[in-house]
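Novice: This is entry.txt, which holds compact mmCIF, C-alpha atoms:
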# COMPACT_ATOMS: atom_id res chain seq x y z
CA MET A 1 86.42 87.22 72.17
CA ALA A 2 87.65 90.78 72.52
CA ARG A 3 91.31 91.62 72.13
CA VAL A 4 93.52 91.14 75.15
CA THR A 5 95.34 94.16 76.56
CA VAL A 6 98.30 94.66 78.86
CA GLU A 7 95.90 95.67 81.65
CA ASP A 8 94.34 92.19 81.46
CA CYS A 9 97.74 90.58 82.06
CA ILE A 10 99.38 93.05 84.46
CA ASP A 11 97.50 91.51 87.41
CA LYS A 12 99.07 88.15 86.66
CA VAL A 13 102.61 89.38 85.82
CA PRO A 14 103.19 92.75 87.49
CA ASN A 15 106.43 93.56 85.67
CA ARG A 16 105.68 94.68 82.09
CA PHE A 17 109.13 93.72 80.84
CA GLU A 18 108.76 90.21 82.25
CA LEU A 19 105.31 90.02 80.68
CA VAL A 20 106.79 90.82 77.27
CA LEU A 21 109.53 88.21 77.68
CA LEU A 22 107.16 85.49 78.86
CA SER A 23 104.49 86.15 76.25
CA ALA A 24 107.07 86.28 73.44
CA HIS A 25 108.54 82.99 74.64
CA ARG A 26 105.08 81.41 74.79
CA ALA A 27 104.27 82.73 71.31
CA ARG A 28 107.46 81.08 69.99
CA MET A 29 106.46 77.84 71.71
CA VAL A 30 103.01 77.99 70.05
CA SER A 31 104.58 78.63 66.64
CA GLN A 32 106.78 75.54 67.17
CA GLY A 33 103.72 73.39 67.79
CA ALA A 34 103.02 73.56 71.52
CA PRO A 35 99.39 72.75 72.36
CA LEU A 36 97.08 75.70 72.94
CA THR A 37 95.23 76.08 76.23
CA VAL A 38 92.64 78.58 74.88
CA ASP A 39 90.68 78.75 71.64
CA ARG A 40 92.56 80.45 68.83
CA ASP A 41 89.60 82.50 67.53
CA ASN A 42 91.60 83.46 64.43
CA ASP A 43 94.19 85.25 66.63
CA LYS A 44 97.92 85.32 66.01
CA ASN A 45 100.40 83.60 68.31
CA PRO A 46 101.34 86.66 70.45
CA VAL A 47 97.66 87.37 71.14
CA VAL A 48 97.05 83.72 72.01
CA ALA A 49 100.03 83.81 74.39
CA LEU A 50 98.72 86.95 76.10
CA ARG A 51 95.24 85.42 76.41
CA GLU A 52 96.73 82.30 78.00
CA ILE A 53 98.57 84.46 80.53
CA ALA A 54 95.50 86.61 81.24
CA ASP A 55 93.23 83.56 81.69
CA GLU A 56 95.92 81.79 83.76
CA THR A 57 95.59 78.62 81.72
CA ILE A 58 99.37 78.20 81.82
CA ASN A 59 101.55 78.36 84.91
CA LYS A 60 103.66 81.52 84.71
CA ASP A 61 106.35 80.03 86.99
CA ASP A 62 106.76 77.03 84.70
CA LEU A 63 106.85 79.34 81.70
CA LYS A 64 109.53 81.45 83.38
CA GLU A 65 111.66 78.39 84.19
CA ASP A 66 111.28 77.16 80.60
CA TYR A 67 112.34 80.58 79.30
CA ILE A 68 115.42 80.62 81.55
CA HIS A 69 116.32 77.10 80.47
CA SER A 70 115.98 78.02 76.79
CA MET A 71 118.36 80.98 77.23
CA GLN A 72 121.12 78.97 78.92
CA LYS A 73 124.07 78.17 76.69
CA GLN A 74 125.80 75.75 79.03
CA VAL A 75 124.12 73.80 81.80
CA GLU A 76 126.42 72.84 84.64
CA VAL A 77 125.63 69.63 86.45
CA ASP A 78 126.83 69.49 90.03
CA GLU A 79 127.94 65.91 90.56
CA PRO A 80 129.32 64.62 93.86
CA GLU A 81 132.97 63.68 94.00
CA THR A 82 133.69 59.97 93.88
CA GLY A 83 136.19 59.85 96.72
CA ALA A 84 137.92 61.87 99.37
CA ALA A 85 140.44 64.45 98.24
CA PRO A 86 144.08 63.31 98.61
CA LEU A 87 146.19 64.84 101.36
CA MET A 88 148.62 67.54 100.29
CA ILE A 89 152.23 66.86 101.14
CA THR A 90 154.27 69.98 101.85
CA SER A 91 158.00 70.38 101.49
CA ASP A 92 158.40 70.47 105.31
CA VAL A 93 157.09 66.92 105.54
CA GLU A 94 159.34 65.76 102.72
CA GLU A 95 162.45 67.17 104.50
CA ALA A 96 161.54 65.35 107.70
CA GLY A 97 161.83 62.05 105.88
CA PRO A 98 159.36 59.45 104.73
CA ALA A 99 156.43 58.55 106.91
CA PRO A 100 156.70 55.25 108.75
CA ALA A 101 155.32 52.25 106.91
CA GLY A 102 151.64 51.61 107.43
CA THR A 103 150.64 55.23 108.18
CA ASP A 104 148.78 57.32 105.65
CA GLU A 105 148.78 60.61 107.54
CA ALA A 106 151.62 63.05 108.08
CA ASP A 107 152.55 64.07 111.64
CA PHE A 108 151.79 67.68 112.48
CA GLU A 109 153.01 69.54 115.51
CA ARG A 110 150.03 70.57 117.59
CA MET A 111 150.02 74.05 119.13
CA THR A 112 147.79 75.18 121.93
CA GLU A 113 145.90 78.44 121.82
CA GLU A 114 148.15 79.89 124.52
CA ASP A 115 151.29 79.11 122.51
CA LEU A 116 149.74 80.74 119.46
CA LEU A 117 148.83 83.90 121.39
CA ARG A 118 152.37 84.12 122.89
CA GLY A 119 153.81 83.82 119.39
CA LEU A 120 151.51 86.50 118.00
CA GLU A 121 152.40 88.93 120.82
CA GLY A 122 156.05 88.83 119.77
CA LEU A 123 155.30 89.93 116.18
CA PRO A 124 155.59 93.60 115.20
CA PRO A 125 152.30 95.40 114.43
CA ALA A 126 151.03 95.05 110.89
CA GLU A 127 151.38 98.03 108.55
CA SER A 128 148.22 99.37 106.99
CA PRO A 129 148.30 99.84 103.18
CA GLY A 130 147.83 103.61 103.45
CA SER A 131 150.56 104.32 106.01
CA GLN A 132 153.70 106.29 105.17
CA ARG A 133 156.09 103.50 106.22
CA SER A 134 154.62 100.76 104.04
CA GLY A 135 156.34 102.04 100.90
CA TYR A 136 153.22 102.23 98.73
Let me see the structure of the file written as structure tokens.

Specialist:
Amino acid sequence: MARVTVEDCIDKVPNRFELVLLSAHRARMVSQGAPLTVDRDNDKNPVVALREIADETINKDDLKEDYIHSMQKQVEVDEPETGAAPLMITSDVEEAGPAPAGTDEADFERMTEEDLLRGLEGLPPAESPGSQRSGY
């Protein structure tokens, strides 16, 4: 078979840099003993890897995922938490005294939206970081 060129592979992997990375990774896999999907024809591993990509005998998405996995130093496993997170107890609750026996939740004062808006109207306007009065 004739030599494979970049033009043979560029239709399959449009980015030349990605093509180099994937073919080099596949060539390393072949040198480590991975089974070939095309005849060797006395070609070296990089040429075999390029021929496999050009003939689409290997899945380029699987090859890309395998390359990414081989480059990772630490693989984080996202495991679900075993239980609910404990409630945080603030110092305000501690000053009010211990919670009555048999209750697990702290009492919070509920505020309506109207009360919140009335409280916000009484505050002075916020200073912007670039203003002269802020001191910066």

Novice: If you count all atoms listed in the file, which residues fall within 7 Å of Pro46 (chain A), apart from same-chain ones fewer than 4 positions away, as a PyMOL selection string?

Specialist: chain A and resi 23-24+27+50

Novice: Which one of A:Asp78, A:Glu121, A:Asp66, A:Asp43 sits closest to Leu22 (chain A) if you count all atoms listed in the file?

Specialist: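 Closest candidate: A:Asp66.
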
Novice: Would you mind reading off the distance between CA of Arg40 (chain A) and CA of Asp61 (chain A), one decimal, in Å?

Specialist: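 Computing the Euclidean distance for CA of Arg40 (chain A) and CA of Asp61 (chain A) yields 22.8 Å.
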
Novice: Work out how far CA of Val30 (chain A) is from CA of Asn42 (chain A), in Å to one decimal.

Specialist: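 Computed distance, CA of Asn42 (chain A) to CA of Val30 (chain A), equals 13.8 Å.
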
Novice: Just how far from CA of Val4 (chain A) is CA of Val48 (chain A), in Å to one decimal?

Specialist: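 We find that CA of Val48 (chain A) and CA of Val4 (chain A) lie 8.8 Å from each other.
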
Novice: Asp11 (chain A): which residues within 12 Å, counting all atoms listed in the file, same-chain residues fewer than 4 positions away excluded, as a list in words?

Specialist: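 Here the qualifying residues turn out to be Thr5, Val6, Glu7, Asn15, Arg16, Leu19, Ile53, Ala54, Asp55 and Glu56 of chain A.
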
Novice: Counting all atoms listed in the file, which residue out of A:Arg110, A:Arg51, A:Lys64, A:Lys44 sits closest to Ile10 (chain A)?

Specialist: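 Smallest distance to Ile10 (chain A) is found for A:Arg51.
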
Novice: I'd like to know which of A:Leu117, A:Val13, A:Met111, A:Val47 is closest to Leu63 (chain A), using only C-alpha atoms.

Specialist: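 Comparing A:Leu117, A:Val13, A:Met111, A:Val47 against Leu63 (chain A), the winner is A:Val13.
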
Novice: May I ask which of the residues A:Asp115, A:Asp62, A:Asp41, A:Glu18 is the closest one to Arg3 (chain A), counting all atoms listed in the file?

Specialist: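 Comparing A:Asp115, A:Asp62, A:Asp41, A:Glu18 against Arg3 (chain A), the winner is A:Asp41.
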
Novice: Select, from A:Leu21, A:Pro124, A:Phe108, A:Gly119, the residue with the minimum atom-to-atom distance to Lys60 (chain A), counting only C-alpha atoms.

Specialist: A:Leu21

Novice: Please complete region 26-62 of chain A so it has N, CA and C atoms, and hand it over as a short mmCIF file (atom, residue, chain, number, x, y, z; two decimals), in the frame of the given file.

Specialist:
data_model
loop_
_atom_site.label_atom_id
_atom_site.label_comp_id
_atom_site.auth_asym_id
_atom_site.auth_seq_id
_atom_site.Cartn_x
_atom_site.Cartn_y
_atom_site.Cartn_z
N ARG A 26 106.25 82.29 74.99
CA ARG A 26 105.08 81.41 74.79
C ARG A 26 104.61 81.45 73.34
N ALA A 27 104.66 82.63 72.72
CA ALA A 27 104.27 82.73 71.31
C ALA A 27 105.22 81.91 70.43
N ARG A 28 106.51 81.92 70.75
CA ARG A 28 107.46 81.08 69.99
C ARG A 28 107.17 79.60 70.20
N MET A 29 106.80 79.24 71.44
CA MET A 29 106.46 77.84 71.71
C MET A 29 105.23 77.43 70.90
N VAL A 30 104.23 78.30 70.81
CA VAL A 30 103.01 77.99 70.05
C VAL A 30 103.35 77.85 68.58
N SER A 31 104.22 78.72 68.06
CA SER A 31 104.58 78.63 66.64
C SER A 31 105.38 77.36 66.34
N GLN A 32 106.03 76.79 67.36
CA GLN A 32 106.78 75.54 67.17
C GLN A 32 105.90 74.32 67.39
N GLY A 33 104.64 74.52 67.71
CA GLY A 33 103.72 73.39 67.79
C GLY A 33 103.25 73.02 69.18
N ALA A 34 103.50 73.86 70.17
CA ALA A 34 103.02 73.56 71.52
C ALA A 34 101.50 73.61 71.54
N PRO A 35 100.87 72.76 72.34
CA PRO A 35 99.39 72.75 72.36
C PRO A 35 98.84 74.03 72.99
N LEU A 36 97.74 74.49 72.44
CA LEU A 36 97.08 75.70 72.94
C LEU A 36 96.20 75.36 74.13
N THR A 37 96.09 76.30 75.07
CA THR A 37 95.23 76.08 76.23
C THR A 37 93.96 76.94 76.16
N VAL A 38 93.85 77.79 75.14
CA VAL A 38 92.64 78.58 74.88
C VAL A 38 92.29 78.43 73.40
N ASP A 39 91.07 78.80 73.05
CA ASP A 39 90.68 78.75 71.64
C ASP A 39 91.41 79.84 70.87
N ARG A 40 91.79 79.50 69.64
CA ARG A 40 92.56 80.45 68.83
C ARG A 40 91.72 81.64 68.38
N ASP A 41 90.50 81.44 67.99
CA ASP A 41 89.60 82.50 67.53
C ASP A 41 90.23 83.37 66.45
N ASN A 42 90.96 82.77 65.54
CA ASN A 42 91.60 83.46 64.43
C ASN A 42 92.61 84.53 64.90
N ASP A 43 93.20 84.32 66.10
CA ASP A 43 94.19 85.25 66.63
C ASP A 43 95.59 84.75 66.29
N LYS A 44 96.53 85.68 66.26
CA LYS A 44 97.92 85.32 66.01
C LYS A 44 98.57 84.83 67.30
N ASN A 45 99.74 84.24 67.16
CA ASN A 45 100.40 83.60 68.31
C ASN A 45 100.66 84.55 69.48
N PRO A 46 101.14 85.79 69.28
CA PRO A 46 101.34 86.66 70.45
C PRO A 46 100.05 86.96 71.20
N VAL A 47 98.94 87.10 70.49
CA VAL A 47 97.66 87.37 71.14
C VAL A 47 97.20 86.13 71.90
N VAL A 48 97.41 84.97 71.33
CA VAL A 48 97.05 83.72 72.01
C VAL A 48 97.87 83.58 73.30
N ALA A 49 99.17 83.90 73.22
CA ALA A 49 100.03 83.81 74.39
C ALA A 49 99.57 84.76 75.49
N LEU A 50 99.21 85.99 75.11
CA LEU A 50 98.72 86.95 76.10
C LEU A 50 97.39 86.50 76.70
N ARG A 51 96.52 85.92 75.89
CA ARG A 51 95.24 85.42 76.41
C ARG A 51 95.46 84.27 77.37
N GLU A 52 96.43 83.41 77.08
CA GLU A 52 96.73 82.30 78.00
C GLU A 52 97.25 82.83 79.33
N ILE A 53 98.06 83.87 79.29
CA ILE A 53 98.57 84.46 80.53
C ILE A 53 97.44 85.14 81.29
N ALA A 54 96.60 85.90 80.59
CA ALA A 54 95.50 86.61 81.24
C ALA A 54 94.49 85.65 81.86
N ASP A 55 94.19 84.54 81.17
CA ASP A 55 93.23 83.56 81.69
C ASP A 55 93.85 82.58 82.68
N GLU A 56 95.17 82.67 82.86
CA GLU A 56 95.92 81.79 83.76
C GLU A 56 95.72 80.32 83.42
N THR A 57 95.69 80.01 82.13
CA THR A 57 95.59 78.62 81.72
C THR A 57 96.95 77.95 81.64
N ILE A 58 98.01 78.75 81.73
CA ILE A 58 99.37 78.20 81.82
C ILE A 58 99.99 78.73 83.10
N ASN A 59 100.89 77.96 83.67
CA ASN A 59 101.55 78.36 84.91
C ASN A 59 102.69 79.31 84.56
N LYS A 60 102.64 80.53 85.07
CA LYS A 60 103.66 81.52 84.71
C LYS A 60 105.02 81.15 85.29
N ASP A 61 105.07 80.44 86.42
CA ASP A 61 106.35 80.03 86.99
C ASP A 61 107.02 78.97 86.11
N ASP A 62 106.21 78.03 85.61
CA ASP A 62 106.76 77.03 84.70
C ASP A 62 107.23 77.67 83.40
#
